[in-house]
file work.cif (mmCIF, C-alpha atoms)
data_final
#
loop_
_atom_site.label_atom_id
_atom_site.label_comp_id
_atom_site.auth_asym_id
_atom_site.auth_seq_id
_atom_site.Cartn_x
_atom_site.Cartn_y
_atom_site.Cartn_z
CA MET A 1228 -1.89 89.92 -6.51
CA ARG A 1229 -2.91 91.81 -9.61
CA LEU A 1230 -5.89 94.15 -9.52
CA ARG A 1231 -8.26 92.05 -11.64
CA PRO A 1232 -7.90 88.80 -9.64
CA ALA A 1233 -8.15 90.83 -6.43
CA LEU A 1234 -11.46 92.32 -7.56
CA ARG A 1235 -12.79 88.82 -8.28
CA VAL A 1236 -11.72 87.56 -4.86
CA LEU A 1237 -13.07 90.57 -2.94
CA PRO A 1238 -16.84 89.72 -3.20
CA ALA A 1239 -16.22 86.24 -1.80
CA LEU A 1240 -14.21 87.65 1.10
CA LEU A 1241 -16.86 90.26 1.87
CA LEU A 1242 -19.78 87.82 1.70
CA THR A 1243 -17.95 85.21 3.76
CA ALA A 1244 -16.99 87.82 6.37
CA LEU A 1245 -20.57 89.11 6.48
CA ALA A 1246 -21.95 85.60 6.93
CA LEU A 1247 -19.48 84.86 9.73
CA THR A 1248 -20.06 88.13 11.58
CA GLY A 1249 -23.75 88.44 10.75
CA PRO A 1250 -25.06 87.14 14.11
CA TRP A 1251 -23.43 90.16 15.79
CA LEU A 1252 -24.94 92.63 13.31
CA THR A 1253 -28.62 91.74 13.67
CA PRO A 1254 -30.84 94.78 14.42
CA HIS A 1255 -33.39 92.60 16.28
CA VAL A 1256 -33.42 89.42 18.33
CA ILE A 1257 -33.75 86.65 15.74
CA ASP A 1258 -36.53 84.72 17.52
CA ALA A 1259 -38.66 87.66 18.70
CA PRO A 1260 -41.66 88.86 16.63
CA VAL A 1261 -41.39 92.47 15.47
CA SER A 1262 -44.35 92.60 13.07
CA ALA A 1263 -47.39 90.70 11.87
CA PRO A 1264 -46.75 87.36 10.14
CA PHE A 1265 -45.49 87.90 6.56
CA ALA A 1266 -45.69 91.67 7.02
CA GLU A 1267 -44.47 93.70 4.05
CA PRO A 1268 -41.10 95.51 4.23
CA GLY A 1269 -41.15 98.79 6.11
CA GLY A 1270 -40.25 100.57 9.32
CA ASP A 1271 -37.90 98.57 11.53
CA ALA A 1272 -38.10 95.53 9.21
CA PRO A 1273 -36.56 96.42 5.79
CA PHE A 1274 -37.28 92.90 4.49
CA GLY A 1275 -40.56 92.50 6.36
CA GLY A 1276 -41.54 89.66 8.66
CA ASP A 1277 -41.48 85.89 8.33
CA GLN A 1278 -44.21 83.37 9.13
CA LEU A 1279 -44.04 84.26 12.83
CA GLY A 1280 -43.46 88.00 12.37
CA ARG A 1281 -39.73 87.78 13.07
CA ASP A 1282 -37.41 90.22 11.30
CA VAL A 1283 -36.28 88.66 8.00
CA LEU A 1284 -33.15 90.83 7.79
CA SER A 1285 -31.98 89.76 11.25
CA ARG A 1286 -32.52 86.10 10.45
CA VAL A 1287 -30.72 86.40 7.10
CA LEU A 1288 -27.73 88.03 8.81
CA ALA A 1289 -27.67 85.30 11.46
CA GLY A 1290 -28.45 82.38 9.15
CA GLY A 1291 -25.31 82.07 7.05
CA ARG A 1292 -22.55 81.29 9.54
CA GLU A 1293 -23.18 77.57 9.92
CA LEU A 1294 -23.71 77.13 6.18
CA VAL A 1295 -20.40 78.85 5.40
CA VAL A 1296 -18.40 77.03 8.07
CA THR A 1297 -19.90 73.64 7.18
CA SER A 1298 -19.39 74.14 3.44
CA LEU A 1299 -15.79 75.29 3.91
CA LEU A 1300 -15.09 72.27 6.10
CA VAL A 1301 -16.62 69.90 3.54
CA ALA A 1302 -14.73 71.51 0.65
CA LEU A 1303 -11.41 71.30 2.54
CA LEU A 1304 -11.97 67.67 3.55
CA VAL A 1305 -13.08 66.57 0.08
CA THR A 1306 -10.23 68.38 -1.67
CA GLY A 1307 -7.64 67.08 0.81
CA ILE A 1308 -8.83 63.46 0.71
CA ALA A 1309 -9.17 63.53 -3.08
CA ALA A 1310 -5.70 65.05 -3.46
CA LEU A 1311 -4.07 62.26 -1.45
CA LEU A 1312 -6.07 59.42 -2.99
CA GLY A 1313 -5.71 60.81 -6.52
CA ALA A 1314 -1.94 61.22 -6.23
CA ILE A 1315 -1.53 57.74 -4.73
CA SER A 1316 -3.72 56.28 -7.49
CA ALA A 1317 -1.53 57.86 -10.16
CA LEU A 1318 1.69 56.59 -8.53
CA ARG A 1319 0.34 53.13 -7.73
CA PRO A 1320 -1.94 51.96 -10.61
CA ALA A 1321 -3.08 48.86 -8.70
CA VAL A 1322 -4.38 51.04 -5.87
CA GLY A 1323 -5.82 53.42 -8.45
CA ARG A 1324 -7.99 50.72 -9.98
CA ILE A 1325 -9.49 49.89 -6.58
CA VAL A 1326 -10.11 53.57 -5.81
CA GLU A 1327 -11.74 54.13 -9.20
CA ARG A 1328 -14.07 51.15 -8.83
CA ALA A 1329 -15.13 52.29 -5.35
CA ALA A 1330 -15.68 55.82 -6.69
CA ASP A 1331 -17.81 54.48 -9.54
CA VAL A 1332 -20.08 52.68 -7.07
CA LEU A 1333 -20.50 55.72 -4.81
CA MET A 1334 -21.19 58.00 -7.79
CA LEU A 1335 -24.32 55.96 -8.53
CA LEU A 1336 -25.88 57.14 -5.24
CA PRO A 1337 -28.07 60.26 -5.73
CA ALA A 1338 -27.01 63.16 -3.53
CA VAL A 1339 -30.33 63.68 -1.76
CA LEU A 1340 -30.76 59.95 -1.14
CA GLY A 1341 -27.24 59.77 0.25
CA ILE A 1342 -27.91 62.61 2.67
CA LEU A 1343 -31.11 60.97 3.88
CA LEU A 1344 -29.46 57.56 4.29
CA VAL A 1345 -26.58 58.89 6.36
CA THR A 1346 -28.46 61.41 8.47
CA LEU A 1347 -31.56 59.31 9.12
CA SER A 1348 -29.45 56.30 10.13
CA TRP A 1349 -27.51 58.65 12.43
CA PRO A 1350 -30.38 60.66 13.97
CA ASP A 1351 -28.25 62.30 16.67
CA GLY A 1352 -25.44 63.21 14.31
CA GLY A 1353 -26.72 66.71 13.48
CA ARG A 1354 -24.20 68.80 11.54
CA LEU A 1355 -21.60 66.05 11.83
CA ALA A 1356 -23.90 63.67 9.96
CA VAL A 1357 -24.46 66.26 7.23
CA VAL A 1358 -20.69 66.84 6.89
CA THR A 1359 -20.07 63.09 6.72
CA ALA A 1360 -22.70 62.64 4.02
CA ALA A 1361 -21.39 65.56 1.97
CA VAL A 1362 -17.79 64.30 2.16
CA VAL A 1363 -18.75 60.74 1.23
CA LEU A 1364 -20.77 62.00 -1.74
CA GLY A 1365 -18.15 64.53 -2.85
CA VAL A 1366 -14.95 62.50 -2.74
CA PRO A 1367 -15.76 60.07 -5.61
CA TYR A 1368 -16.13 62.85 -8.18
CA ALA A 1369 -13.12 64.73 -6.87
CA VAL A 1370 -10.76 61.77 -6.68
CA ARG A 1371 -11.42 60.81 -10.30
CA LEU A 1372 -10.59 64.35 -11.36
CA VAL A 1373 -7.38 64.57 -9.33
CA ALA A 1374 -6.24 61.13 -10.44
CA GLY A 1375 -6.70 62.10 -14.09
CA ALA A 1376 -4.65 65.26 -13.59
CA ALA A 1377 -1.96 63.43 -11.58
CA VAL A 1378 -1.26 60.67 -14.12
CA PRO A 1379 0.89 62.80 -16.49
CA VAL A 1380 2.71 64.30 -13.50
CA ALA A 1381 3.45 60.83 -12.10
CA ALA A 1382 4.81 59.77 -15.51
CA SER A 1383 7.16 62.74 -15.77
CA GLY A 1384 10.91 62.31 -15.68
CA TYR A 1385 11.60 63.95 -12.31
CA VAL A 1386 9.04 61.77 -10.54
CA GLU A 1387 10.45 58.65 -12.16
CA ALA A 1388 13.95 59.74 -11.15
CA ALA A 1389 12.82 60.24 -7.55
CA THR A 1390 11.18 56.79 -7.59
CA VAL A 1391 14.34 55.13 -8.90
CA GLY A 1392 16.29 57.03 -6.25
CA GLY A 1393 14.30 55.21 -3.57
CA GLU A 1394 12.07 58.03 -2.36
CA ARG A 1395 9.08 56.87 -0.33
CA LEU A 1396 5.50 57.11 -1.52
CA TRP A 1397 4.55 59.95 0.83
CA TYR A 1398 7.53 61.99 -0.33
CA LEU A 1399 6.48 61.52 -3.96
CA VAL A 1400 2.90 62.53 -3.15
CA VAL A 1401 3.69 65.59 -1.02
CA ARG A 1402 6.86 66.91 -2.65
CA GLU A 1403 6.63 65.85 -6.30
CA VAL A 1404 3.00 65.38 -7.38
CA LEU A 1405 0.73 67.66 -5.34
CA PRO A 1406 2.75 70.89 -5.80
CA ASN A 1407 2.24 70.47 -9.56
CA LEU A 1408 -1.55 70.15 -9.14
CA ARG A 1409 -2.17 73.56 -7.54
CA ALA A 1410 -4.31 74.81 -10.42
CA THR A 1411 -6.46 71.67 -10.40
CA LEU A 1412 -6.83 71.67 -6.62
CA LEU A 1413 -7.78 75.36 -6.41
CA ALA A 1414 -10.42 74.98 -9.08
CA LEU A 1415 -11.61 71.77 -7.44
CA PHE A 1416 -11.93 73.52 -4.07
CA GLY A 1417 -14.17 76.18 -5.61
CA LEU A 1418 -16.41 73.59 -7.24
CA ARG A 1419 -16.53 71.46 -4.11
CA PHE A 1420 -17.53 74.50 -2.04
CA VAL A 1421 -20.41 75.20 -4.42
CA ALA A 1422 -21.45 71.55 -4.27
CA ALA A 1423 -21.19 71.59 -0.47
CA VAL A 1424 -23.39 74.70 -0.28
CA TYR A 1425 -25.96 72.88 -2.41
CA LEU A 1426 -25.85 69.70 -0.31
CA VAL A 1427 -25.85 71.45 3.07
CA ALA A 1428 -28.66 73.77 1.94
CA THR A 1429 -30.63 70.79 0.65
CA ALA A 1430 -30.20 69.06 4.00
CA GLY A 1431 -31.36 72.21 5.78
CA PHE A 1432 -34.39 72.49 3.50
CA LEU A 1433 -35.26 68.88 4.38
CA GLN A 1434 -34.81 69.80 8.07
CA VAL A 1435 -31.87 67.44 8.35
CA GLY A 1436 -29.47 69.37 10.55
CA PRO A 1437 -30.71 72.72 11.92
CA GLN A 1438 -34.19 72.63 13.41
CA PRO A 1439 -36.71 75.43 14.07
CA PRO A 1440 -36.44 78.04 15.51
CA ALA A 1441 -32.80 78.18 14.34
CA ALA A 1442 -31.93 80.87 11.81
CA ASP A 1443 -30.68 79.05 8.71
CA TRP A 1444 -30.98 80.20 5.10
CA ALA A 1445 -32.25 76.90 3.72
CA LEU A 1446 -34.60 76.40 6.65
CA MET A 1447 -35.97 79.93 6.11
CA ILE A 1448 -36.85 79.06 2.51
CA ARG A 1449 -38.78 76.01 3.66
CA GLU A 1450 -40.55 77.74 6.54
CA ASN A 1451 -41.65 80.80 4.55
CA SER A 1452 -42.56 79.21 1.22
CA SER A 1453 -46.26 79.24 2.13
CA GLY A 1454 -46.23 83.04 2.37
CA VAL A 1455 -44.08 83.85 -0.67
CA LEU A 1456 -46.91 85.86 -2.23
CA LEU A 1457 -47.45 87.88 0.96
CA ASN A 1458 -43.81 88.76 1.61
CA PRO A 1459 -41.52 87.43 -1.14
CA TRP A 1460 -38.41 88.69 0.67
CA ALA A 1461 -38.81 86.04 3.35
CA VAL A 1462 -37.89 83.50 0.64
CA LEU A 1463 -35.94 85.64 -1.85
CA ALA A 1464 -33.44 87.07 0.65
CA PRO A 1465 -32.02 83.71 1.85
CA SER A 1466 -32.19 82.29 -1.70
CA ILE A 1467 -30.18 85.19 -3.11
CA ALA A 1468 -27.70 84.91 -0.24
CA ILE A 1469 -27.05 81.23 -1.00
CA GLY A 1470 -26.66 81.90 -4.73
CA LEU A 1471 -24.32 84.87 -4.29
CA LEU A 1472 -22.16 83.01 -1.79
CA ALA A 1473 -21.69 79.97 -4.01
CA MET A 1474 -21.04 82.03 -7.15
CA SER A 1475 -18.58 84.45 -5.54
CA VAL A 1476 -16.46 81.71 -3.94
CA ASN A 1477 -16.32 79.77 -7.21
CA LEU A 1478 -15.16 82.91 -9.07
CA ALA A 1479 -12.58 83.61 -6.37
CA ALA A 1480 -11.14 80.10 -6.62
CA ALA A 1481 -10.90 80.44 -10.41
CA ALA A 1482 -9.16 83.81 -10.05
CA LEU A 1483 -6.54 82.30 -7.73
CA VAL A 1484 -5.62 79.54 -10.19
CA PRO A 1485 -2.05 80.11 -11.43
CA ALA A 1486 -1.94 81.45 -14.99
CA THR A 1487 0.10 78.47 -16.18
CA GLY A 1488 -2.60 76.07 -15.04
CA ARG A 1489 -5.74 77.76 -16.31
CA LYS A 1490 -6.00 75.54 -19.38
CA ALA A 1491 -6.94 72.73 -17.03
CA VAL A 1492 -9.77 74.60 -15.38
CA PRO A 1493 -12.39 74.27 -18.19
CA THR A 1494 -12.06 70.48 -17.95
CA LEU A 1495 -13.58 70.66 -14.49
#
call {"tool": "encode", "arguments": {"input": "work.cif", "output": "structure tokens"}}
result
Amino acid sequence: MRLRPALRVLPALLLTALALTGPWLTPHVIDAPVSAPFAEPGGDAPFGGDQLGRDVLSRVLAGGRELVVTSLLVALLVTGIAALLGAISALRPAVGRIVERAADVLMLLPAVLGILLVTLSWPDGGRLAVVTAAVVLGVPYAVRLVAGAAVPVAASGYVEAATVGGERLWYLVVREVLPNLRATLLALFGLRFVAAVYLVATAGFLQVGPQPPAADWALMIRENSSGVLLNPWAVLAPSIAIGLLAMSVNLAAAALVPATGRKAVPTL
């Protein structure tokens, strides 16, 4: 890996590692008050206290793991499902028309409404319900993108030769089409991770998923919004963490795109 791409990937790796290990790095117990409610930064609380006087820094360190794991899972599922459906759609136009029509219908559903419909109709689903909603909402956009990129690959001479030679559909998808979509899939993964962070954070803000007193970045923003003028860091710290995580992972995915495929990335 060349130096410049490595430098673009490094922030994402560091932030992801920090979010995953953060619960073990907290200076205070995350649910124990250490100061007055919305106390200003100082002393043992560099970011001050939240609405109950709990250490904001400790809760920020502990609040990113579930968001990262859930968003990575959603991005992997959406990219994987879209890759298979998009490649099959390009190789089998009749199937592609059905997939496209279904995607068009699902794309009409607003993201927030979709989250509420799935999670409220599945009240005991918790994180699983949020993941399901995010995947259902993310696949339609992704499959249209992959299918568009797969069509010229499916029409190429070597794929046609393999088809005439009697190769099965799964062989064509896995061995002939998908390896030639690496640039598209890497860029798609980065965008889907950003979208998943947005959807999972939105669900957390709406208290669909993690519930108080859990430490969660989106939930912290909701809980502390009433005291933003007293201690802005109680809201700014988790907000900045969400923004930096999404931006750094998107930049890392773009940096990993093969040089020969980067012309396709702006179309995303």
call {"tool": "atom_distance", "arguments": {"input": "work.cif", "atom1": "CA of Ile1467 (chain A)", "atom2": "CA of Val1283 (chain A)"}}
result
13.1 Å
call {"tool": "closest_residue", "arguments": {"input": "work.cif", "among": "A:Val1427, A:Ala1369, A:Asn1477, A:Ala1259", "to": "Ala1338 (chain A)", "atoms": "only C-alpha atoms"}}
result
A:Val1427
call {"tool": "resolve_selection", "arguments": {"input": "work.cif", "expression": "the PyMOL selection byres ((chain A and resi 1241-1248) around 8)", "output": "list of chain:residue names"}}
result
A:Leu1237, A:Pro1238, A:Ala1239, A:Leu1240, A:Gly1249, A:Pro1250, A:Trp1251, A:Leu1252, A:Leu1288, A:Ala1289, A:Gly1290, A:Gly1291, A:Arg1292, A:Val1295, A:Leu1472
call {"tool": "residues_around", "arguments": {"input": "work.cif", "residues": "Asp1331 (chain A)", "least_positions_apart": "2", "cutoff": "12 Å", "atoms": "all atoms listed in the file", "output": "NGL selection string"}}
result
:A and (1324-1329 or 1333-1336 or 1364 or 1366-1371)
call {"tool": "resolve_selection", "arguments": {"input": "work.cif", "expression": "the PyMOL selection byres ((chain A and resi 1316) around 9)", "output": "list in words"}}
result
Leu1311, Leu1312, Gly1313, Ala1314, Ile1315, Ala1317, Leu1318, Arg1319, Pro1320, Ala1321, Val1322, Gly1323, Arg1324, Ile1325, Val1326, Glu1327, Val1370, Ala1374, Ala1377 and Val1378 of chain A
call {"tool": "resolve_selection", "arguments": {"input": "work.cif", "expression": "the PyMOL selection byres ((chain A and resi 1281) around 10)", "output": "PyMOL selection string"}}
result
chain A and resi 1255-1266+1272+1275-1280+1282-1286+1461
call {"tool": "atom_distance", "arguments": {"input": "work.cif", "atom1": "CA of Gly1384 (chain A)", "atom2": "CA of Ile1308 (chain A)"}}
result
25.7 Å
call {"tool": "atom_distance", "arguments": {"input": "work.cif", "atom1": "CA of Leu1299 (chain A)", "atom2": "CA of Gly1417 (chain A)"}}
result
9.7 Å
call {"tool": "closest_residue", "arguments": {"input": "work.cif", "among": "A:Leu1396, A:Val1358, A:Val1345, A:Leu1418", "to": "Leu1372 (chain A)", "atoms": "all atoms listed in the file"}}
result
A:Leu1418
call {"tool": "closest_residue", "arguments": {"input": "work.cif", "among": "A:Ala1414, A:Ala1479, A:Val1357, A:Leu1405", "to": "Gly1341 (chain A)", "atoms": "all atoms listed in the file"}}
result
A:Val1357
call {"tool": "closest_residue", "arguments": {"input": "work.cif", "among": "A:Tyr1398, A:Tyr1425, A:Phe1274, A:Phe1416", "to": "Val1339 (chain A)", "atoms": "all atoms listed in the file"}}
result
A:Tyr1425
call {"tool": "closest_residue", "arguments": {"input": "work.cif", "among": "A:Val1455, A:Ala1428, A:Val1421, A:Val1435", "to": "Ser1348 (chain A)", "atoms": "only C-alpha atoms"}}
result
A:Val1435
call {"tool": "closest_residue", "arguments": {"input": "work.cif", "among": "A:Gly1269, A:Leu1456, A:Leu1344, A:Val1424", "to": "Leu1471 (chain A)", "atoms": "all atoms listed in the file"}}
result
A:Val1424
call {"tool": "axis_aligned_box", "arguments": {"input": "work.cif", "around": "region 1322-1325 of chain A", "padding_each_side": "3 Å", "output": "JSON"}}
result
{"center_x": -6.9, "center_y": 51.7, "center_z": -7.9, "size_x": 11.1, "size_y": 9.5, "size_z": 10.1}
